[in-house]
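start38.pdb (PDB, C-alpha atoms, pLDDT in the B column) appears below.
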```pdb
ATOM      1  CA  ALA M   1      -1.032 122.942  68.682  1.00 62.00           C
ATOM      2  CA  GLN M   2      -4.412 121.317  68.783  1.00 71.00           C
ATOM      3  CA  LYS M   3      -4.228 117.571  68.449  1.00 93.00           C
ATOM      4  CA  VAL M   4      -7.755 117.069  67.153  1.00 97.00           C
ATOM      5  CA  THR M   5      -9.311 119.620  64.853  1.00 96.00           C
ATOM      6  CA  GLN M   6     -12.902 119.890  63.737  1.00 97.00           C
ATOM      7  CA  THR M   7     -13.147 122.801  61.348  1.00 95.00           C
ATOM      8  CA  GLN M   8     -16.917 122.798  60.959  1.00 97.00           C
ATOM      9  CA  THR M   9     -18.511 124.718  63.788  1.00 96.00           C
ATOM     10  CA  SER M  10     -22.076 124.122  62.691  1.00 97.00           C
ATOM     11  CA  ILE M  11     -23.865 122.179  59.945  1.00 97.00           C
ATOM     12  CA  SER M  12     -27.520 122.343  59.025  1.00 97.00           C
ATOM     13  CA  VAL M  13     -29.125 119.647  56.856  1.00 97.00           C
ATOM     14  CA  MET M  14     -32.564 118.498  55.853  1.00 97.00           C
ATOM     15  CA  GLU M  15     -33.958 115.334  57.361  1.00 97.00           C
ATOM     16  CA  LYS M  16     -33.200 112.068  55.538  1.00 97.00           C
ATOM     17  CA  THR M  17     -30.097 113.426  53.831  1.00 97.00           C
ATOM     18  CA  THR M  18     -26.461 112.420  54.341  1.00 97.00           C
ATOM     19  CA  VAL M  19     -24.025 114.574  56.268  1.00 98.00           C
ATOM     20  CA  THR M  20     -20.259 114.362  56.629  1.00 98.00           C
ATOM     21  CA  MET M  21     -18.350 115.853  59.532  1.00 98.00           C
ATOM     22  CA  ASP M  22     -14.631 116.421  59.238  1.00 98.00           C
ATOM     23  CA  CYS M  23     -11.914 115.683  61.755  1.00 98.00           C
ATOM     24  CA  VAL M  24      -8.138 115.707  61.476  1.00 98.00           C
ATOM     25  CA  TYR M  25      -5.745 114.661  64.188  1.00 97.00           C
ATOM     26  CA  GLU M  26      -2.090 114.811  65.031  1.00 95.00           C
ATOM     27  CA  THR M  27      -0.093 112.125  66.812  1.00 93.00           C
ATOM     28  CA  GLN M  28       3.369 110.607  66.955  1.00 91.00           C
ATOM     29  CA  ASP M  29       2.043 107.240  68.146  1.00 89.00           C
ATOM     30  CA  SER M  30       2.112 104.363  65.700  1.00 89.00           C
ATOM     31  CA  SER M  31      -1.054 102.952  67.261  1.00 89.00           C
ATOM     32  CA  TYR M  32      -3.969 105.044  68.440  1.00 91.00           C
ATOM     33  CA  PHE M  33      -7.736 104.968  68.681  1.00 92.00           C
ATOM     34  CA  LEU M  34     -10.257 107.338  67.179  1.00 95.00           C
ATOM     35  CA  PHE M  35     -13.806 107.884  68.353  1.00 95.00           C
ATOM     36  CA  TRP M  36     -16.869 109.936  67.649  1.00 97.00           C
ATOM     37  CA  TYR M  37     -19.246 110.955  70.416  1.00 96.00           C
ATOM     38  CA  LYS M  38     -22.356 113.047  70.402  1.00 96.00           C
ATOM     39  CA  GLN M  39     -23.656 115.351  73.094  1.00 96.00           C
ATOM     40  CA  THR M  40     -27.390 115.881  73.170  1.00 94.00           C
ATOM     41  CA  ALA M  41     -29.196 118.991  74.324  1.00 92.00           C
ATOM     42  CA  SER M  42     -29.592 117.417  77.758  1.00 89.00           C
ATOM     43  CA  GLY M  43     -25.806 117.239  78.083  1.00 90.00           C
ATOM     44  CA  GLU M  44     -25.557 113.485  77.780  1.00 91.00           C
ATOM     45  CA  ILE M  45     -22.423 112.314  75.941  1.00 94.00           C
ATOM     46  CA  VAL M  46     -22.889 109.124  73.986  1.00 93.00           C
ATOM     47  CA  PHE M  47     -20.379 106.928  72.157  1.00 93.00           C
ATOM     48  CA  LEU M  48     -21.153 106.465  68.461  1.00 96.00           C
ATOM     49  CA  ILE M  49     -18.357 104.712  66.608  1.00 95.00           C
ATOM     50  CA  ARG M  50     -14.692 103.874  66.805  1.00 94.00           C
ATOM     51  CA  GLN M  51     -11.737 103.270  64.476  1.00 95.00           C
ATOM     52  CA  ASP M  52      -8.523 101.577  65.540  1.00 92.00           C
ATOM     53  CA  SER M  53      -5.568 103.028  63.661  1.00 93.00           C
ATOM     54  CA  TYR M  54      -4.231  99.636  62.594  1.00 92.00           C
ATOM     55  CA  LYS M  55      -7.482  98.672  60.890  1.00 92.00           C
ATOM     56  CA  LYS M  56      -7.783  99.583  57.231  1.00 91.00           C
ATOM     57  CA  GLU M  57     -11.493  98.912  56.915  1.00 94.00           C
ATOM     58  CA  ASN M  58     -13.756 101.831  57.693  1.00 95.00           C
ATOM     59  CA  ALA M  59     -15.959 101.226  60.725  1.00 94.00           C
ATOM     60  CA  THR M  60     -19.732 101.187  60.311  1.00 95.00           C
ATOM     61  CA  VAL M  61     -22.398 101.106  63.017  1.00 94.00           C
ATOM     62  CA  GLY M  62     -26.027 101.535  62.056  1.00 95.00           C
ATOM     63  CA  HIS M  63     -26.366 104.761  60.091  1.00 95.00           C
ATOM     64  CA  TYR M  64     -22.931 105.965  61.197  1.00 97.00           C
ATOM     65  CA  SER M  65     -19.803 105.236  59.192  1.00 97.00           C
ATOM     66  CA  LEU M  66     -16.273 106.538  59.106  1.00 98.00           C
ATOM     67  CA  ASN M  67     -14.034 107.741  56.319  1.00 97.00           C
ATOM     68  CA  PHE M  68     -10.599 106.914  57.706  1.00 97.00           C
ATOM     69  CA  GLN M  69      -7.755 108.323  55.635  1.00 97.00           C
ATOM     70  CA  LYS M  70      -4.657 107.524  57.633  1.00 96.00           C
ATOM     71  CA  PRO M  71      -2.120 109.223  55.326  1.00 95.00           C
ATOM     72  CA  LYS M  72      -4.104 112.429  55.782  1.00 96.00           C
ATOM     73  CA  SER M  73      -4.671 111.874  59.518  1.00 96.00           C
ATOM     74  CA  SER M  74      -8.355 112.257  58.832  1.00 97.00           C
ATOM     75  CA  ILE M  75     -11.365 110.525  60.362  1.00 98.00           C
ATOM     76  CA  GLY M  76     -14.617 111.848  58.950  1.00 98.00           C
ATOM     77  CA  LEU M  77     -18.016 110.845  60.331  1.00 98.00           C
ATOM     78  CA  ILE M  78     -20.785 110.109  57.840  1.00 98.00           C
ATOM     79  CA  ILE M  79     -24.401 109.974  58.944  1.00 98.00           C
ATOM     80  CA  THR M  80     -26.842 108.645  56.378  1.00 97.00           C
ATOM     81  CA  ALA M  81     -30.611 109.128  56.424  1.00 97.00           C
ATOM     82  CA  THR M  82     -30.380 111.794  59.107  1.00 97.00           C
ATOM     83  CA  GLN M  83     -33.218 112.143  61.616  1.00 96.00           C
ATOM     84  CA  ILE M  84     -34.342 115.052  63.737  1.00 96.00           C
ATOM     85  CA  GLU M  85     -33.009 113.186  66.766  1.00 96.00           C
ATOM     86  CA  ASP M  86     -29.495 113.324  65.287  1.00 97.00           C
ATOM     87  CA  SER M  87     -29.374 117.026  66.115  1.00 97.00           C
ATOM     88  CA  ALA M  88     -26.551 117.352  68.643  1.00 97.00           C
ATOM     89  CA  VAL M  89     -22.942 118.406  69.057  1.00 97.00           C
ATOM     90  CA  TYR M  90     -20.552 115.819  67.632  1.00 98.00           C
ATOM     91  CA  PHE M  91     -17.077 115.385  69.077  1.00 97.00           C
ATOM     92  CA  CYS M  92     -14.149 113.656  67.443  1.00 97.00           C
ATOM     93  CA  ALA M  93     -11.665 112.145  69.916  1.00 95.00           C
ATOM     94  CA  MET M  94      -8.298 110.435  69.892  1.00 94.00           C
ATOM     95  CA  ARG M  95      -6.763 108.233  72.577  1.00 90.00           C
ATOM     96  CA  GLU M  96      -3.024 107.775  72.541  1.00 86.00           C
ATOM     97  CA  ASN M  97      -1.120 104.902  74.123  1.00 78.00           C
ATOM     98  CA  ASN M  98      -0.177 106.983  77.157  1.00 78.00           C
ATOM     99  CA  ASN M  99      -3.861 107.158  78.075  1.00 77.00           C
ATOM    100  CA  ARG M 100      -4.239 110.784  77.072  1.00 86.00           C
ATOM    101  CA  ILE M 101      -7.458 111.712  75.350  1.00 90.00           C
ATOM    102  CA  PHE M 102      -7.931 114.651  73.032  1.00 94.00           C
ATOM    103  CA  PHE M 103     -11.185 116.083  71.763  1.00 95.00           C
ATOM    104  CA  GLY M 104     -12.020 118.386  68.907  1.00 96.00           C
ATOM    105  CA  ASP M 105     -14.064 121.498  69.577  1.00 95.00           C
ATOM    106  CA  GLY M 106     -17.229 119.850  68.343  1.00 96.00           C
ATOM    107  CA  THR M 107     -19.557 120.317  65.391  1.00 97.00           C
ATOM    108  CA  GLN M 108     -23.146 121.370  65.997  1.00 97.00           C
ATOM    109  CA  LEU M 109     -25.493 119.422  63.725  1.00 98.00           C
ATOM    110  CA  VAL M 110     -28.995 120.715  63.131  1.00 98.00           C
ATOM    111  CA  VAL M 111     -31.354 118.414  61.252  1.00 97.00           C
ATOM    112  CA  LYS M 112     -34.403 120.215  59.891  1.00 97.00           C
ATOM    113  CA  PRO M 113     -37.725 118.600  58.989  1.00 95.00           C
TER     114      PRO M 113
ATOM    115  CA  VAL C   1     -28.879 100.749  84.407  1.00 69.00           C
ATOM    116  CA  THR C   2     -26.690 103.862  84.436  1.00 84.00           C
ATOM    117  CA  LEU C   3     -23.023 102.943  84.572  1.00 93.00           C
ATOM    118  CA  LEU C   4     -21.907 106.091  86.349  1.00 96.00           C
ATOM    119  CA  GLU C   5     -23.562 108.228  88.980  1.00 96.00           C
ATOM    120  CA  GLN C   6     -22.284 111.714  89.656  1.00 97.00           C
ATOM    121  CA  ASN C   7     -23.062 113.896  92.639  1.00 96.00           C
ATOM    122  CA  PRO C   8     -23.797 116.603  93.217  1.00 96.00           C
ATOM    123  CA  ARG C   9     -25.346 117.312  89.829  1.00 96.00           C
ATOM    124  CA  TRP C  10     -25.279 121.040  90.432  1.00 96.00           C
ATOM    125  CA  ARG C  11     -23.590 123.295  92.907  1.00 96.00           C
ATOM    126  CA  LEU C  12     -23.347 127.020  93.491  1.00 94.00           C
ATOM    127  CA  VAL C  13     -19.811 127.615  94.675  1.00 93.00           C
ATOM    128  CA  PRO C  14     -19.084 130.612  96.901  1.00 91.00           C
ATOM    129  CA  ARG C  15     -16.087 132.495  95.685  1.00 88.00           C
ATOM    130  CA  GLY C  16     -12.868 131.108  97.104  1.00 89.00           C
ATOM    131  CA  GLN C  17     -14.375 127.805  98.164  1.00 93.00           C
ATOM    132  CA  ALA C  18     -13.488 124.383  96.825  1.00 96.00           C
ATOM    133  CA  VAL C  19     -16.070 121.799  95.861  1.00 96.00           C
ATOM    134  CA  ASN C  20     -15.836 118.019  95.984  1.00 97.00           C
ATOM    135  CA  LEU C  21     -17.422 115.878  93.306  1.00 98.00           C
ATOM    136  CA  ARG C  22     -18.008 112.155  93.325  1.00 98.00           C
ATOM    137  CA  CYS C  23     -18.319 109.664  90.500  1.00 98.00           C
ATOM    138  CA  ILE C  24     -19.607 106.224  91.405  1.00 98.00           C
ATOM    139  CA  LEU C  25     -19.041 103.278  89.076  1.00 97.00           C
ATOM    140  CA  LYS C  26     -21.859 100.719  88.954  1.00 96.00           C
ATOM    141  CA  ASN C  27     -19.960  98.034  87.018  1.00 91.00           C
ATOM    142  CA  SER C  28     -16.370  97.238  87.919  1.00 88.00           C
ATOM    143  CA  GLN C  29     -15.748  95.790  84.440  1.00 90.00           C
ATOM    144  CA  TYR C  30     -15.014  99.368  83.364  1.00 91.00           C
ATOM    145  CA  PRO C  31     -12.260 100.326  85.797  1.00 93.00           C
ATOM    146  CA  TRP C  32     -10.523 103.088  83.850  1.00 92.00           C
ATOM    147  CA  MET C  33     -12.170 106.176  85.243  1.00 95.00           C
ATOM    148  CA  SER C  34     -11.540 109.704  84.038  1.00 95.00           C
ATOM    149  CA  TRP C  35     -12.538 113.317  84.661  1.00 97.00           C
ATOM    150  CA  TYR C  36     -13.210 116.010  82.087  1.00 96.00           C
ATOM    151  CA  GLN C  37     -14.038 119.685  82.163  1.00 96.00           C
ATOM    152  CA  GLN C  38     -16.354 121.384  79.739  1.00 95.00           C
ATOM    153  CA  ASP C  39     -16.970 125.093  79.493  1.00 90.00           C
ATOM    154  CA  LEU C  40     -20.027 126.954  78.230  1.00 87.00           C
ATOM    155  CA  GLN C  41     -18.537 126.988  74.744  1.00 85.00           C
ATOM    156  CA  LYS C  42     -18.775 123.175  74.854  1.00 85.00           C
ATOM    157  CA  GLN C  43     -15.034 122.631  74.657  1.00 90.00           C
ATOM    158  CA  LEU C  44     -14.433 119.239  76.226  1.00 93.00           C
ATOM    159  CA  GLN C  45     -11.057 118.663  77.854  1.00 94.00           C
ATOM    160  CA  TRP C  46      -9.710 115.511  79.416  1.00 93.00           C
ATOM    161  CA  LEU C  47      -8.231 116.048  82.851  1.00 95.00           C
ATOM    162  CA  PHE C  48      -7.204 112.735  84.425  1.00 94.00           C
ATOM    163  CA  THR C  49      -7.461 108.981  84.128  1.00 93.00           C
ATOM    164  CA  LEU C  50      -6.984 107.060  87.371  1.00 95.00           C
ATOM    165  CA  ARG C  51      -7.095 103.259  87.458  1.00 93.00           C
ATOM    166  CA  SER C  52      -6.206 102.126  90.969  1.00 95.00           C
ATOM    167  CA  PRO C  53      -7.345 103.013  94.505  1.00 97.00           C
ATOM    168  CA  GLY C  54      -4.876 105.441  95.983  1.00 97.00           C
ATOM    169  CA  ASP C  55      -3.979 107.073  92.668  1.00 97.00           C
ATOM    170  CA  LYS C  56      -3.943 110.869  92.848  1.00 97.00           C
ATOM    171  CA  GLU C  57      -3.194 113.613  90.370  1.00 97.00           C
ATOM    172  CA  VAL C  58      -3.303 117.385  90.328  1.00 98.00           C
ATOM    173  CA  LYS C  59      -3.650 119.809  87.487  1.00 96.00           C
ATOM    174  CA  SER C  60      -3.968 123.555  87.176  1.00 96.00           C
ATOM    175  CA  LEU C  61      -5.751 125.043  84.216  1.00 93.00           C
ATOM    176  CA  PRO C  62      -6.793 128.610  83.481  1.00 89.00           C
ATOM    177  CA  GLY C  63      -9.828 129.201  85.655  1.00 88.00           C
ATOM    178  CA  ALA C  64      -9.607 126.234  88.052  1.00 93.00           C
ATOM    179  CA  ASP C  65      -7.341 123.893  89.962  1.00 96.00           C
ATOM    180  CA  TYR C  66      -8.083 120.176  90.169  1.00 97.00           C
ATOM    181  CA  LEU C  67      -7.209 117.307  92.463  1.00 98.00           C
ATOM    182  CA  ALA C  68      -8.428 113.853  91.442  1.00 98.00           C
ATOM    183  CA  THR C  69      -8.404 110.813  93.692  1.00 98.00           C
ATOM    184  CA  ARG C  70      -9.299 107.211  92.987  1.00 98.00           C
ATOM    185  CA  VAL C  71     -10.781 106.342  96.334  1.00 98.00           C
ATOM    186  CA  THR C  72     -11.921 102.780  95.686  1.00 97.00           C
ATOM    187  CA  ASP C  73     -12.452 100.488  92.719  1.00 96.00           C
ATOM    188  CA  THR C  74     -15.842 102.118  92.274  1.00 96.00           C
ATOM    189  CA  GLU C  75     -15.367 105.718  93.394  1.00 97.00           C
ATOM    190  CA  LEU C  76     -13.511 108.581  91.771  1.00 98.00           C
ATOM    191  CA  ARG C  77     -13.420 112.040  93.327  1.00 98.00           C
ATOM    192  CA  LEU C  78     -12.574 115.471  92.032  1.00 98.00           C
ATOM    193  CA  GLN C  79     -11.847 118.544  94.078  1.00 98.00           C
ATOM    194  CA  VAL C  80     -12.230 121.768  92.145  1.00 97.00           C
ATOM    195  CA  ALA C  81     -10.681 124.872  93.655  1.00 96.00           C
ATOM    196  CA  ASN C  82      -9.846 128.448  92.771  1.00 93.00           C
ATOM    197  CA  MET C  83     -12.541 128.753  90.168  1.00 92.00           C
ATOM    198  CA  SER C  84     -12.736 132.141  88.524  1.00 89.00           C
ATOM    199  CA  GLN C  85     -15.544 134.349  89.737  1.00 86.00           C
ATOM    200  CA  GLY C  86     -18.659 134.211  87.591  1.00 86.00           C
ATOM    201  CA  ARG C  87     -17.515 131.090  85.826  1.00 89.00           C
ATOM    202  CA  THR C  88     -19.704 128.085  85.005  1.00 93.00           C
ATOM    203  CA  LEU C  89     -18.046 124.762  84.463  1.00 93.00           C
ATOM    204  CA  TYR C  90     -19.232 121.235  83.824  1.00 95.00           C
ATOM    205  CA  CYS C  91     -17.230 118.338  85.207  1.00 97.00           C
ATOM    206  CA  THR C  92     -17.980 114.919  83.783  1.00 97.00           C
ATOM    207  CA  CYS C  93     -16.565 111.520  84.573  1.00 97.00           C
ATOM    208  CA  SER C  94     -16.209 108.516  82.307  1.00 95.00           C
ATOM    209  CA  ALA C  95     -15.388 104.835  82.565  1.00 94.00           C
ATOM    210  CA  ALA C  96     -13.771 102.480  80.090  1.00 90.00           C
ATOM    211  CA  GLY C  97     -12.984  98.784  79.992  1.00 86.00           C
ATOM    212  CA  GLY C  98      -9.496  99.198  78.588  1.00 77.00           C
ATOM    213  CA  ALA C  99      -6.629 101.576  79.172  1.00 70.00           C
ATOM    214  CA  ASN C 100      -6.544 102.908  75.667  1.00 66.00           C
ATOM    215  CA  THR C 101      -8.853 100.860  73.573  1.00 64.00           C
ATOM    216  CA  GLY C 102     -12.143 101.043  75.345  1.00 72.00           C
ATOM    217  CA  GLN C 103     -14.899 103.363  74.357  1.00 84.00           C
ATOM    218  CA  LEU C 104     -15.844 105.851  77.025  1.00 89.00           C
ATOM    219  CA  TYR C 105     -19.095 105.768  78.945  1.00 93.00           C
ATOM    220  CA  PHE C 106     -19.885 109.175  80.394  1.00 94.00           C
ATOM    221  CA  GLY C 107     -21.655 110.284  83.516  1.00 95.00           C
ATOM    222  CA  GLU C 108     -24.333 112.949  83.409  1.00 94.00           C
ATOM    223  CA  GLY C 109     -22.004 115.693  84.574  1.00 95.00           C
ATOM    224  CA  SER C 110     -21.890 118.152  87.439  1.00 96.00           C
ATOM    225  CA  LYS C 111     -22.546 121.824  86.832  1.00 96.00           C
ATOM    226  CA  LEU C 112     -20.544 124.249  88.939  1.00 96.00           C
ATOM    227  CA  THR C 113     -21.265 127.960  89.048  1.00 94.00           C
ATOM    228  CA  VAL C 114     -19.128 130.368  91.007  1.00 92.00           C
ATOM    229  CA  LEU C 115     -21.007 133.179  92.708  1.00 85.00           C
TER     230      LEU C 115
END
```
Whole structure, structure tokens version:
Amino acid sequence: AQKVTQTQTSISVMEKTTVTMDCVYETQDSSYFLFWYKQTASGEIVFLIRQDSYKKENATVGHYSLNFQKPKSSIGLIITATQIEDSAVYFCAMRENNNRIFFGDGTQLVVKP
Amino acid sequence: VTLLEQNPRWRLVPRGQAVNLRCILKNSQYPWMSWYQQDLQKQLQWLFTLRSPGDKEVKSLPGADYLATRVTDTELRLQVANMSQGRTLYCTCSAAGGANTGQLYFGEGSKLTVL
């Protein structure tokens, strides 16, 4: 069974709007770490934002924020005021305490002018 | 300054041959180094995390066999063998400051294409 699931294959939005990308995960660990990364057209993979499972407050970095719903094992990424440059593939990831890392299949975001 | 340098960046692999990839860490404050594979469908899969010089691990996945070695505090290697004919694969390394908690910093990746 897949440990990290991103159900949205592709999303297209207009510039300056808000987009939400879904991610659900599965783990038996009581403590784990959740991340979002983006991969640009050049192939570069860049860290965006992180949520530690023991923290109740949703993480926010710049125009990225998270909707962490622990009872639902859900960690959605919210991008506000989207820009053309936000067009990329977005990966949700989970690190467990045994050092294993799991990625979702990615969501392609297209931001249109 | 780029944290990780990968070489080669691209390699045509004759069928049946293995290829050796290197990942060089520029800042030893991020000692947890890892390898990943990514196929053309963009599916990103973690392969190994090796912390200490001398650490080695092997893994066989559909389409390729892998042997990872932590050579030094700043060098991680990956040998890729038995790649399926006609396959294109990207191998990327990462570094992190903590075992589980650190965010990952990725290299630029190596593209392997089997003839």
Target residues per the ChimeraX specification (/M :<10) & /C, formatted as a PyMOL selection string | chain C and resi 32+34+36+41-50+90+92+94+98-109
Could you save the residues just selected, with C-alpha atoms, as an mmCIF file, in the coordinates of the input?
```
data_model
loop_
_atom_site.group_PDB
_atom_site.id
_atom_site.type_symbol
_atom_site.label_atom_id
_atom_site.label_comp_id
_atom_site.auth_asym_id
_atom_site.auth_seq_id
_atom_site.Cartn_x
_atom_site.Cartn_y
_atom_site.Cartn_z
ATOM 1 C CA TRP C 32 -10.523 103.088 83.850
ATOM 2 C CA SER C 34 -11.540 109.704 84.038
ATOM 3 C CA TYR C 36 -13.210 116.010 82.087
ATOM 4 C CA GLN C 41 -18.537 126.988 74.744
ATOM 5 C CA LYS C 42 -18.775 123.175 74.854
ATOM 6 C CA GLN C 43 -15.034 122.631 74.657
ATOM 7 C CA LEU C 44 -14.433 119.239 76.226
ATOM 8 C CA GLN C 45 -11.057 118.663 77.854
ATOM 9 C CA TRP C 46 -9.710 115.511 79.416
ATOM 10 C CA LEU C 47 -8.231 116.048 82.851
ATOM 11 C CA PHE C 48 -7.204 112.735 84.425
ATOM 12 C CA THR C 49 -7.461 108.981 84.128
ATOM 13 C CA LEU C 50 -6.984 107.060 87.371
ATOM 14 C CA TYR C 90 -19.232 121.235 83.824
ATOM 15 C CA THR C 92 -17.980 114.919 83.783
ATOM 16 C CA SER C 94 -16.209 108.516 82.307
ATOM 17 C CA GLY C 98 -9.496 99.198 78.588
ATOM 18 C CA ALA C 99 -6.629 101.576 79.172
ATOM 19 C CA ASN C 100 -6.544 102.908 75.667
ATOM 20 C CA THR C 101 -8.853 100.860 73.573
ATOM 21 C CA GLY C 102 -12.143 101.043 75.345
ATOM 22 C CA GLN C 103 -14.899 103.363 74.357
ATOM 23 C CA LEU C 104 -15.844 105.851 77.025
ATOM 24 C CA TYR C 105 -19.095 105.768 78.945
ATOM 25 C CA PHE C 106 -19.885 109.175 80.394
ATOM 26 C CA GLY C 107 -21.655 110.284 83.516
ATOM 27 C CA GLU C 108 -24.333 112.949 83.409
ATOM 28 C CA GLY C 109 -22.004 115.693 84.574
#
```
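Shortest atom-to-atom contact with Leu89 (chain C) among C:Val19, C:Leu67, C:Met33, C:Ile24: C:Val19, counting all atoms listed in the file.
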Pairwise distance for CA of Asp29 (chain M) and CA of Lys70 (chain M), rounded to one decimal in Å |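 These two atoms are separated by 12.5 Å.
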Determine the nearest neighbour of Asn7 (chain C) from the options C:Lys111, C:Lys26, C:Val80, C:Ala68, counting all atoms listed in the file.
->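 Checking each of C:Lys111, C:Lys26, C:Val80, C:Ala68 against Asn7 (chain C), counting all atoms listed in the file, the winner is C:Lys111.
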Separation of CA of Gln17 (chain C) and CA of Thr113 (chain C), in Å?
-> 11.4 Å
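All protein and nucleic acid residues in the vicinity of (-13.5, 132.2, 84.8), that is within 8 Å when counting all atoms listed in the file, are Pro62, Gly63, Ala64, Met83, Ser84, Gln85, Gly86, Arg87 and Thr88 of chain C.
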